[in-house]
Every structure is written in structure tokens, then in C-alpha cells.
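The next block holds one structure in the form of C-alpha cells; read it before the comments.
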Amino acid sequence: MALLQFDETDSDALSKVKKAHEQLVQEVAKVIVGQQQVVDELVIALLARGHCLLVGVPGLAKTLLISTLAQALNLKFSRIQFTPDLMPSDITGTEVIEEDMATGKRHFRFVKGPIFANIVLADEINRTPPKTQAALLQAMQEHEVTAGNTTYPLDEPFFVLATQNPIEQEGTYPLPEAQLDRFMFNLWVDYPSSEEEIQIVKSTTGAAEADVQPVLDGDDILALQSFVRKVPVADHVVSYAVELVRKTRPNVDGAPEFVREWVRWGAGPRASQYLILGAKARCVLDGRATPDEADVRAVAVPVLRHRLVTTFHAEAEGVSSVDVVQHLLQDGKA
């Protein structure tokens, strides 16, 4: 049952979405101090039917943020701790043999794995081999899992959030490009400010416990996702997003000189799609009827940072993919 009685045909739908977003942020803030931009980008990805990869050093409450968001959204939450010995069937599920006591006949029964949830947390995803990482590919793209000769649909809405520590290299496996490309956003979780850290210590070392109330449920999210898809976008905004992505490709005519120097592989068409979907969701959460170029620019870094492969020359000069994206955004020709 929808908690806010959201109706996407309501003439007041935009104001309802904006109010729901504000309530959601307030509930998450009961537990998570700061990280406002990360929370907003998580909600944008959710409404755009995307998945997120959160990168940050240990101890920045990445896991707590995701579980708190699941509470505020009243969705089924599943956490998978990725380890070197994790098998694909530990994620998707496995078939077991059962015997019918009446007839004595045996048959296979599929036991669903933790992937069958609304919000799935893949904790420390780079600690498991590529074979196990690949178990998420079909689920993230088609929202279904195949076991044997049977395909099982996943619960909707379906949202994968993965965490990764950037400084721990021993015992880790790099995510394949195909896996990275399935994530709509790559979000950097940074250290809190001094004032925020003081507040964190005070709130987590006392006896009080936060009571997170659900703001939206699964029906609300599905209606909002459908609403976002129907948001109109001007042709010049689509052209801006496509041109921005095309300029990340060093071999395309019109690519800036710094892209030819610093980028080995640019972003593909999925990046253009996610720029527009992210811009749509952002404008809706802000209570606006249609996105503009500023919305595209606002989501450009999380959409593109993990889709650009920099050259050795860029690495030698300390130039990251984020630097390249920011140069492109500053380039008035983009």
C-alpha cells in the first residue's frame, strides 16, 4: 500500500515528489550526519532505475547509509558480504534435491539467494573474483536470475548498491569494465567536516537510538520511476548530454586535445542515457517539470568518472577521470 498515496496523474504530483524527497532526507539524517550530496544522488539513481557504486575509505558509514535508506523506503533489504570464497550461487541461489515422502520421487527445488530483495548491498564488491562479480550482471541489467533452464524475475523495485574501499589493494580484484558500466553512478564518500565529525561522535556514543520512519514504499517507488520516465526533455538538452559523452572519446572528431592526451577509452551510449535519466530525476525531486543543461552537468561526474580509462601519461601527471570530466564541463564547446 502506498504510504503517500502518490498518483502520477495528479496535477500536484511534482510538489508531492518534492515533499517526499524532503521527508526522506530528514529520516536518513536521523542516523547519517552530512553526506547530503551522496544521499541525493542515491535517490536520483533509485528513481532513474539505476545502480550505484559507493567508493570511500573504511569507517565512513557507507553500509549504514544504505541500510538506513532501505528503512526509510520500507523496502526489503539484503546485505551480501563479498569475500574471496564467495560463489555465484551464494548470491543468486541454488537448486536442491528434495524427496517427496509420499511417492519417494526426488525433484529439484530452487532456493532463492539474497539477490531476491529490493535493495541489495554488495559490500566490498572488489574482494571477490570476477566470476562471482559477474553473477550480478544479469540481475542488474535484466532484473532476473537464471538457474538451470529456468529464469526467475526479481522483486521490483530492484536496486543494487555496492561498496568499495579504494586504499585496500591486497586481496582485491578489479571490477571488469562490463560490471562497472552497469552502475549508473560512481559516488565518492568523503571524510566528514570537523563539525560533522563532532556531531557523529556525540550521536553514536550516547544511549539514544534513532527511530527511522518509512516515507515511501515499493508501490510509491515504482510510480515515481514511471513518472520520471515520462518527464519531457528538450532536444537541446539531449544534444548537450550526447555531445558531452562523445567528447570523452579520443578518436571522435572534435574531441578536445586534453581528451586525446589523457583518455584511452571514452564513455559509451549508456552514459548518455544515464545523464538524461539522472537529469530527469533531479529536476523532479526539485519540483521542476523538465530538466535543463544544469541538471545534466550536476550528474556528469558520478555518471562518467568510472567510464573513462585514462592514459599512462595522465596517470604520470596525476590526472584522474574526474579531472577530465571537470575540464569538459568547463569547456564551453561541450
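FYI, nothing fancy with the C-alpha cells labels: chains A, B, ... in order, residues from 1 per chain, ligands from 1 as they appear.
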Go through segment 144-261 of chain A and flag each residue having an atom no more than 10 Å from segment 95-114 of chain A; for those, report the closest pair of atoms plus their distance in Å to one decimal, using only C-alpha atoms, ordered by chain and rising number, as a tab-separated table.
residue	atom	partner	partner_atom	distance
A:Val145	CA	A:Lys112	CA	9.6
A:Ala147	CA	A:Glu95	CA	7.6
A:Gly148	CA	A:Glu95	CA	8.2
A:Thr150	CA	A:Phe110	CA	9.4
A:Tyr152	CA	A:Lys112	CA	9.2
Atoms kept (C-alpha atoms) for selection, written as a compact mmCIF listing (two decimals), in the first residue's frame:
# COMPACT_ATOMS: atom_id res chain seq x y z
CA VAL A 145 18.18 -14.61 -12.47
CA ALA A 147 19.26 -21.11 -12.69
CA GLY A 148 19.38 -24.26 -14.77
CA THR A 150 14.50 -21.54 -15.51
CA TYR A 152 13.24 -16.13 -12.12
Might you pull out every residue within 6 Å of segment 122-133 of chain A, with only C-alpha atoms counted and same-chain residues fewer than 3 positions away left off, and present them as number ranges by chain? A: 80-84, 87-88, 136, 162-164, 172-173
Now that the selection is made, can you save its residues with N, CA and C atoms as an mmCIF file, in the first residue's frame?
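Output saved as part_34.cif:
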data_model
loop_
_atom_site.group_PDB
_atom_site.id
_atom_site.type_symbol
_atom_site.label_atom_id
_atom_site.label_comp_id
_atom_site.auth_asym_id
_atom_site.auth_seq_id
_atom_site.Cartn_x
_atom_site.Cartn_y
_atom_site.Cartn_z
ATOM 1 N N ILE A 80 25.042 -8.585 1.225
ATOM 2 C CA ILE A 80 25.924 -9.688 0.848
ATOM 3 C C ILE A 80 27.356 -9.244 1.089
ATOM 4 N N GLN A 81 28.051 -9.933 1.985
ATOM 5 C CA GLN A 81 29.444 -9.616 2.248
ATOM 6 C C GLN A 81 30.310 -10.362 1.232
ATOM 7 N N PHE A 82 30.927 -9.622 0.327
ATOM 8 C CA PHE A 82 31.736 -10.240 -0.713
ATOM 9 C C PHE A 82 33.103 -10.618 -0.158
ATOM 10 N N THR A 83 33.443 -11.891 -0.320
ATOM 11 C CA THR A 83 34.716 -12.441 0.159
ATOM 12 C C THR A 83 35.339 -13.271 -0.962
ATOM 13 N N PRO A 84 36.643 -13.577 -0.873
ATOM 14 C CA PRO A 84 37.302 -14.344 -1.947
ATOM 15 C C PRO A 84 36.689 -15.717 -2.206
ATOM 16 N N MET A 87 30.729 -17.789 -3.805
ATOM 17 C CA MET A 87 30.390 -18.414 -5.070
ATOM 18 C C MET A 87 29.165 -17.730 -5.689
ATOM 19 N N PRO A 88 29.020 -17.809 -7.038
ATOM 20 C CA PRO A 88 27.839 -17.201 -7.685
ATOM 21 C C PRO A 88 26.517 -17.673 -7.097
ATOM 22 N N LEU A 136 26.197 -10.840 -10.774
ATOM 23 C CA LEU A 136 25.299 -9.691 -10.640
ATOM 24 C C LEU A 136 24.875 -9.108 -11.990
ATOM 25 N N ALA A 162 26.698 -1.108 -4.301
ATOM 26 C CA ALA A 162 27.946 -1.797 -3.984
ATOM 27 C C ALA A 162 28.910 -0.828 -3.322
ATOM 28 N N THR A 163 29.708 -1.332 -2.379
ATOM 29 C CA THR A 163 30.721 -0.502 -1.738
ATOM 30 C C THR A 163 32.103 -1.033 -2.097
ATOM 31 N N GLN A 164 33.057 -0.127 -2.085
ATOM 32 C CA GLN A 164 34.428 -0.494 -2.439
ATOM 33 C C GLN A 164 35.388 0.426 -1.691
ATOM 34 N N THR A 172 42.243 -7.994 -3.366
ATOM 35 C CA THR A 172 41.109 -7.429 -4.089
ATOM 36 C C THR A 172 41.232 -7.730 -5.576
ATOM 37 N N TYR A 173 40.113 -7.646 -6.264
ATOM 38 C CA TYR A 173 40.060 -7.899 -7.703
ATOM 39 C C TYR A 173 39.410 -6.677 -8.375
#
Within 7 Å of segment 317-331 of chain A, counting only C-alpha atoms, which residues show up once you throw out same-chain ones fewer than 2 positions away? Write them as JSON, numbers by chain, please. {"A": [297, 301, 305, 308, 310, 313, 314, 315, 333, 334]}
Emit the selected residues as a short mmCIF file (atom, residue, chain, number, x, y, z; two decimals), in the first residue's frame, including N, CA and C atoms.
data_model
loop_
_atom_site.label_atom_id
_atom_site.label_comp_id
_atom_site.auth_asym_id
_atom_site.auth_seq_id
_atom_site.Cartn_x
_atom_site.Cartn_y
_atom_site.Cartn_z
N ARG A 297 24.77 18.64 -16.14
CA ARG A 297 26.09 18.92 -15.60
C ARG A 297 26.22 18.44 -14.16
N VAL A 301 29.65 14.07 -13.30
CA VAL A 301 30.80 13.43 -12.65
C VAL A 301 30.47 12.02 -12.17
N ARG A 305 32.73 9.29 -14.23
CA ARG A 305 34.04 9.07 -13.62
C ARG A 305 34.55 7.64 -13.73
N LEU A 308 35.58 6.36 -17.92
CA LEU A 308 36.73 6.83 -18.67
C LEU A 308 37.98 6.08 -18.21
N THR A 310 41.88 6.36 -18.29
CA THR A 310 42.91 7.35 -18.57
C THR A 310 44.19 6.70 -19.10
N HIS A 313 50.06 8.58 -19.56
CA HIS A 313 50.51 9.96 -19.47
C HIS A 313 49.68 10.73 -18.44
N ALA A 314 48.37 10.49 -18.42
CA ALA A 314 47.51 11.16 -17.45
C ALA A 314 47.85 10.71 -16.03
N GLU A 315 48.08 9.43 -15.86
CA GLU A 315 48.44 8.91 -14.54
C GLU A 315 49.76 9.50 -14.06
N LYS A 333 32.48 24.53 -25.26
CA LYS A 333 32.09 23.89 -26.51
C LYS A 333 31.40 22.57 -26.30
N ALA A 334 31.41 22.10 -25.05
CA ALA A 334 30.83 20.77 -24.78
C ALA A 334 29.34 20.76 -25.06
#
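Atom CA of Asp211 of chain A is positioned 27.6 Å from atom CA of Ala281 of chain A.
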With DSSP run on the backbone, what are the alpha helix (DSSP H) residues within segment 170-288 of chain A? I'd like them as a ChimeraX atom specification. /A:177-181,194-204,218-229,235-246,257-262,269-285
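Interatomic distance, atom CA of Asp85 of chain A against atom CA of Ala134 of chain A: 14.3 Å.
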For Gln35 of chain A, which residue out of A:Ser67, A:Gln225, A:Ser193, A:Thr248 is the nearest one, using only C-alpha atoms? A:Ser193
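Nearest to Gly287 of chain A of all the residues A:Asp12, A:Glu177, A:Asp253, A:Glu142 is A:Asp12, based on only C-alpha atoms.
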